[in-house]
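A.B. asks: Here you go, upload_16.pdb (PDB, C-alpha atoms):
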ATOM      1  CA  MET B  96     -19.955 -17.406  -5.013
ATOM      2  CA  LYS B  97     -21.769 -20.489  -6.100
ATOM      3  CA  GLY B  98     -19.789 -23.118  -7.966
ATOM      4  CA  SER B  99     -22.693 -23.578 -10.415
ATOM      5  CA  GLU B 100     -22.380 -19.951 -11.539
ATOM      6  CA  LEU B 101     -18.664 -20.133 -12.252
ATOM      7  CA  VAL B 102     -16.716 -21.651 -15.074
ATOM      8  CA  ILE B 103     -12.997 -21.604 -14.398
ATOM      9  CA  THR B 104     -11.073 -20.685 -17.508
ATOM     10  CA  ALA B 105      -7.583 -20.556 -16.049
ATOM     11  CA  PRO B 106      -6.204 -22.576 -13.122
ATOM     12  CA  GLY B 107      -5.053 -20.723 -10.044
ATOM     13  CA  PRO B 108      -1.457 -20.422  -8.854
ATOM     14  CA  ALA B 109      -0.070 -22.555  -6.029
ATOM     15  CA  GLY B 110      -2.744 -25.222  -6.425
ATOM     16  CA  ILE B 111      -5.567 -22.826  -5.573
ATOM     17  CA  ASP B 112      -9.054 -23.898  -6.645
ATOM     18  CA  PRO B 113     -10.561 -20.666  -8.023
ATOM     19  CA  ALA B 114     -14.100 -21.956  -7.463
ATOM     20  CA  ALA B 115     -13.370 -22.205  -3.721
ATOM     21  CA  LEU B 116     -12.259 -18.567  -3.361
ATOM     22  CA  THR B 117     -14.558 -16.165  -1.562
ATOM     23  CA  ARG B 118     -15.527 -12.762  -2.913
ATOM     24  CA  GLU B 119     -13.171 -11.158  -0.381
ATOM     25  CA  GLN B 120     -10.279 -13.317  -1.596
ATOM     26  CA  LEU B 121     -11.001 -12.487  -5.244
ATOM     27  CA  LEU B 122     -11.126  -8.772  -4.438
ATOM     28  CA  GLY B 123      -7.829  -8.876  -2.539
ATOM     29  CA  TRP B 124      -9.235  -8.201   0.922
ATOM     30  CA  ARG B 125      -8.301 -11.624   2.324
ATOM     31  CA  CYS B 126      -5.407 -14.014   1.768
ATOM     32  CA  ALA B 127      -6.052 -16.425  -1.113
ATOM     33  CA  LEU B 128      -4.257 -19.162   0.846
ATOM     34  CA  CYS B 129      -5.490 -18.872   4.438
ATOM     35  CA  CYS B 130      -8.393 -16.370   4.180
ATOM     36  CA  ALA B 131      -6.882 -14.074   6.855
ATOM     37  CA  LEU B 132      -7.599 -10.364   6.546
ATOM     38  CA  LEU B 133      -4.638  -8.878   4.669
ATOM     39  CA  THR B 134      -2.482  -6.286   6.391
ATOM     40  CA  GLY B 135       0.712  -6.940   4.449
ATOM     41  CA  ASP B 136       0.531  -8.815   1.195
ATOM     42  CA  ARG B 137       2.449 -10.391  -1.664
ATOM     43  CA  PRO B 138       1.194 -11.204  -5.172
ATOM     44  CA  LEU B 139       0.445 -14.839  -6.046
ATOM     45  CA  GLY B 140      -0.682 -14.568  -9.662
ATOM     46  CA  THR B 141      -4.119 -14.409 -11.258
ATOM     47  CA  VAL B 142      -7.216 -16.491 -11.869
ATOM     48  CA  THR B 143      -9.735 -15.942 -14.652
ATOM     49  CA  ILE B 144     -13.371 -16.740 -14.010
ATOM     50  CA  CYS B 145     -16.241 -16.769 -16.483
ATOM     51  CA  GLN B 146     -19.669 -15.680 -15.248
ATOM     52  CA  GLY B 147     -22.158 -15.906 -18.088
ATOM     53  CA  SER B 148     -20.513 -14.114 -20.997
ATOM     54  CA  THR B 149     -18.161 -12.078 -18.793
ATOM     55  CA  LEU B 150     -14.533 -13.072 -18.250
ATOM     56  CA  THR B 151     -12.916 -11.518 -15.213
ATOM     57  CA  THR B 152      -9.270 -11.853 -14.217
ATOM     58  CA  TYR B 153      -8.546 -11.380 -10.538
ATOM     59  CA  PRO B 154      -5.085 -10.817  -9.044
ATOM     60  CA  LEU B 155      -4.594 -13.026  -6.005
ATOM     61  CA  TRP B 156      -2.782 -11.915  -2.877
ATOM     62  CA  ALA B 157      -1.367 -13.769   0.119
ATOM     63  CA  CYS B 158      -0.137 -12.809   3.558
ATOM     64  CA  ASP B 159       3.303 -11.267   3.806
ATOM     65  CA  PRO B 160       5.158 -12.514   5.727
ATOM     66  CA  ASN B 161       4.351 -16.072   4.773
ATOM     67  CA  CYS B 162       0.921 -16.952   6.164
ATOM     68  CA  ALA B 163       1.951 -20.462   7.197
ATOM     69  CA  THR B 164       4.657 -18.961   9.397
ATOM     70  CA  GLU B 165       2.415 -16.195  10.711
ATOM     71  CA  ASN B 166      -0.473 -18.559  11.501
ATOM     72  CA  ALA B 167       1.846 -21.040  13.226
ATOM     73  CA  TRP B 168       3.277 -18.250  15.392
ATOM     74  CA  ARG B 169      -0.183 -16.939  16.308
ATOM     75  CA  ALA B 170      -1.356 -20.445  17.238
ATOM     76  CA  ALA B 171       1.690 -21.028  19.479
ATOM     77  CA  ILE B 172       1.432 -17.652  21.215
ATOM     78  CA  GLY B 173      -2.355 -17.851  21.551
ATOM     79  CA  HIS B 174      -2.082 -21.236  23.222
ATOM     80  CA  ALA B 175       0.837 -20.327  25.479
ATOM     81  CA  ALA B 176      -0.882 -17.152  26.716
ATOM     82  CA  GLY B 177      -3.535 -19.142  28.553
ATOM     83  CA  CYS B 178      -1.688 -22.353  29.384
ATOM     84  CA  GLU B 179      -0.155 -22.911  32.820
ATOM     85  CA  ALA B 180       1.754 -25.984  31.599
ATOM     86  CA  CYS B 181       3.452 -23.882  28.902
ATOM     87  CA  ARG B 182       4.811 -21.587  31.593
ATOM     88  CA  THR B 183       6.620 -24.516  33.186
ATOM     89  CA  GLY B 184       7.705 -26.048  29.882
ATOM     90  CA  GLU B 185       5.636 -29.184  30.430
ATOM     91  CA  CYS B 186       2.955 -28.750  27.758
ATOM     92  CA  GLU B 187       2.929 -31.201  24.856
ATOM     93  CA  THR B 188       0.464 -29.079  22.856
ATOM     94  CA  GLY B 189       2.585 -25.956  23.297
ATOM     95  CA  GLN B 190       5.696 -27.844  22.235
ATOM     96  CA  ARG B 191       3.903 -29.242  19.170
ATOM     97  CA  LEU B 192       2.742 -25.733  18.175
ATOM     98  CA  LEU B 193       6.231 -24.318  18.714
ATOM     99  CA  ASP B 194       7.717 -27.136  16.612
ATOM    100  CA  ALA B 195       5.215 -26.358  13.824
ATOM    101  CA  TYR B 196       6.297 -22.711  13.917
ATOM    102  CA  SER B 197       9.993 -23.699  13.844
ATOM    103  CA  THR B 198       9.367 -25.908  10.813
ATOM    104  CA  ALA B 199       7.434 -23.155   9.006
ATOM    105  CA  ILE B 200      10.146 -20.539   9.625
ATOM    106  CA  ARG B 201      12.885 -22.911   8.442
ATOM    107  CA  GLN B 202      10.930 -23.650   5.253
ATOM    108  CA  GLU B 203      10.314 -19.952   4.647
ATOM    109  CA  ARG B 204      14.003 -19.138   5.083
ATOM    110  CA  ALA B 205      15.102 -22.053   2.883
ATOM    111  CA  GLY B 206      12.710 -20.901   0.136
ATOM    112  CA  GLY B 207      13.979 -17.311   0.274
ATOM    113  CA  ALA B 208      17.652 -18.247   0.344
ATOM    114  CA  GLY B 209      17.808 -19.382  -3.285
TER     115      GLY B 209
END
Can you present the structure in this file as structure tokens?

C.D. replies:
Amino acid sequence: MKGSELVITAPGPAGIDPAALTREQLLGWRCALCCALLTGDRPLGTVTICQGSTLTTYPLWACDPNCATENAWRAAIGHAAGCEACRTGECETGQRLLDAYSTAIRQERAGGAG
């Protein structure tokens, strides 16, 4: 979608810029937050976009489980799978990726506990 064709009439949830969403994100095929192909999803809310004289409201969807957690886990595992230093526990990159995953899972659990 071209930004010049769109007039945003309602802001998106979670700080999402509706003009930056792809067609696949607007149609619910990809995560509105990380653009990953959705296999499990959770609702985020809606955005309304005006194209010419047509107003269209799109429901937005995100990864479920939390995409930040899922992406952090995939990054850590993807790196570790091909890294000899990770196998010996001496890889700074692997440790950084694992720490990012640990932080994401703690934040997800803290958010769901309330």

A.B. asks: Pick out the closest residue to Glu203 in chain B from this set: B:Gln120, B:Thr141, B:Asn161, B:Thr152. Count all atoms listed in the file.

C.D. replies: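 Using all atoms listed in the file, the shortest distance to Glu203 in chain B belongs to B:Asn161.
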
A.B. asks: Could you work out how far CA of Ala205 in chain B lies from CA of Thr188 in chain B, giving the answer in Å with one decimal?

C.D. replies: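 Taking CA of Thr188 in chain B and CA of Ala205 in chain B, their separation equals 25.7 Å.
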
A.B. asks: Taking into account all atoms listed in the file, which residue in the set B:Asp194, B:Glu187, B:Glu179, B:Glu119 is nearest to Pro154 in chain B?

C.D. replies: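 Closest residue, counting all atoms listed in the file: B:Glu119.
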
A.B. asks: Excluding Ala175 in chain B and residues on its chain fewer than 3 positions from it, collect all residues at most 10 Å away from it, counting only C-alpha atoms, and give them as a VMD selection string.

C.D. replies: chain B and resid 169 to 172 178 to 182 184 186 188 to 190 192 to 193

A.B. asks: Find, counting all atoms listed in the file, the residue in B:Thr183, B:Thr134, B:Gln202, B:Ser197 that gets nearest to Trp156 in chain B.

C.D. replies: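 Using all atoms listed in the file, the shortest distance to Trp156 in chain B belongs to B:Thr134.
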
A.B. asks: Starting from the shown file, work through the PyMOL selection byres ((chain B and resi 124) around 12) and note down what comes out as a PyMOL selection string.

C.D. replies: chain B and resi 116-123+125-127+129-136+153-158

A.B. asks: On this structure, which residues satisfy the PyMOL selection byres ((chain B and resi 164) around 9), written as a list in words?

C.D. replies: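 Applied to this file, the PyMOL selection byres ((chain B and resi 164) around 9) selects Pro160, Asn161, Cys162, Ala163, Glu165, Asn166, Ala167, Trp168, Arg169, Ala195, Tyr196, Ser197, Thr198, Ala199, Ile200, Gln202 and Glu203 of chain B.
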
A.B. asks: When you draw a straight line from CA of Pro138 in chain B to CA of Asp159 in chain B, how long is it in Å?

C.D. replies: 9.2 Å

A.B. asks: Kindly give the distance, in Å, that separates CA of Ala114 in chain B and CA of Val142 in chain B, rounded to a single decimal.

C.D. replies: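 Atom-to-atom, CA of Ala114 in chain B and CA of Val142 in chain B are spaced 9.8 Å apart.
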
A.B. asks: Please complete range 141-160 of chain B so it has N, CA, C and O atoms, and hand it over as a short mmCIF file (atom, residue, chain, number, x, y, z; two decimals), keeping the file's coordinate frame.

C.D. replies:
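Here's the written file selection.cif:
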data_model
loop_
_atom_site.label_atom_id
_atom_site.label_comp_id
_atom_site.auth_asym_id
_atom_site.auth_seq_id
_atom_site.Cartn_x
_atom_site.Cartn_y
_atom_site.Cartn_z
N THR B 141 -2.74 -14.76 -10.93
CA THR B 141 -4.12 -14.41 -11.26
C THR B 141 -4.95 -15.66 -11.53
O THR B 141 -4.41 -16.73 -11.80
N VAL B 142 -6.25 -15.48 -11.42
CA VAL B 142 -7.22 -16.49 -11.87
C VAL B 142 -8.21 -15.78 -12.77
O VAL B 142 -8.49 -14.59 -12.58
N THR B 143 -8.71 -16.49 -13.77
CA THR B 143 -9.74 -15.94 -14.65
C THR B 143 -10.99 -16.77 -14.48
O THR B 143 -10.95 -18.00 -14.54
N ILE B 144 -12.09 -16.08 -14.25
CA ILE B 144 -13.37 -16.74 -14.01
C ILE B 144 -14.39 -16.21 -15.01
O ILE B 144 -14.44 -15.01 -15.29
N CYS B 145 -15.19 -17.12 -15.54
CA CYS B 145 -16.24 -16.77 -16.48
C CYS B 145 -17.58 -16.83 -15.76
O CYS B 145 -17.93 -17.87 -15.20
N GLN B 146 -18.31 -15.73 -15.79
CA GLN B 146 -19.67 -15.68 -15.25
C GLN B 146 -20.57 -15.25 -16.38
O GLN B 146 -20.54 -14.09 -16.79
N GLY B 147 -21.34 -16.20 -16.91
CA GLY B 147 -22.16 -15.91 -18.09
C GLY B 147 -21.24 -15.63 -19.26
O GLY B 147 -20.40 -16.46 -19.61
N SER B 148 -21.37 -14.46 -19.86
CA SER B 148 -20.51 -14.11 -21.00
C SER B 148 -19.37 -13.19 -20.59
O SER B 148 -18.65 -12.67 -21.44
N THR B 149 -19.19 -12.99 -19.29
CA THR B 149 -18.16 -12.08 -18.79
C THR B 149 -16.96 -12.84 -18.25
O THR B 149 -17.10 -13.70 -17.39
N LEU B 150 -15.79 -12.54 -18.77
CA LEU B 150 -14.53 -13.07 -18.25
C LEU B 150 -13.91 -12.02 -17.34
O LEU B 150 -13.76 -10.87 -17.74
N THR B 151 -13.56 -12.43 -16.14
CA THR B 151 -12.92 -11.52 -15.21
C THR B 151 -11.64 -12.15 -14.70
O THR B 151 -11.65 -13.31 -14.27
N THR B 152 -10.55 -11.40 -14.76
CA THR B 152 -9.27 -11.85 -14.22
C THR B 152 -9.03 -11.13 -12.91
O THR B 152 -9.10 -9.90 -12.84
N TYR B 153 -8.77 -11.91 -11.88
CA TYR B 153 -8.55 -11.38 -10.54
C TYR B 153 -7.10 -11.61 -10.13
O TYR B 153 -6.61 -12.74 -10.22
N PRO B 154 -6.40 -10.59 -9.65
CA PRO B 154 -5.08 -10.82 -9.04
C PRO B 154 -5.29 -11.42 -7.66
O PRO B 154 -6.20 -11.02 -6.94
N LEU B 155 -4.49 -12.40 -7.32
CA LEU B 155 -4.59 -13.03 -6.00
C LEU B 155 -3.45 -12.55 -5.13
O LEU B 155 -2.33 -12.36 -5.59
N TRP B 156 -3.75 -12.41 -3.84
CA TRP B 156 -2.78 -11.92 -2.88
C TRP B 156 -2.72 -12.87 -1.69
O TRP B 156 -3.70 -13.51 -1.35
N ALA B 157 -1.56 -12.93 -1.07
CA ALA B 157 -1.37 -13.77 0.12
C ALA B 157 -0.71 -12.94 1.20
O ALA B 157 -0.18 -11.87 0.96
N CYS B 158 -0.76 -13.48 2.41
CA CYS B 158 -0.14 -12.81 3.56
C CYS B 158 1.36 -12.62 3.32
O CYS B 158 2.01 -13.46 2.72
N ASP B 159 1.87 -11.51 3.79
CA ASP B 159 3.30 -11.27 3.81
C ASP B 159 3.62 -10.70 5.18
O ASP B 159 3.09 -9.65 5.52
N PRO B 160 4.33 -11.35 6.03
CA PRO B 160 5.16 -12.51 5.73
C PRO B 160 4.31 -13.75 5.47
O PRO B 160 3.09 -13.71 5.60
#
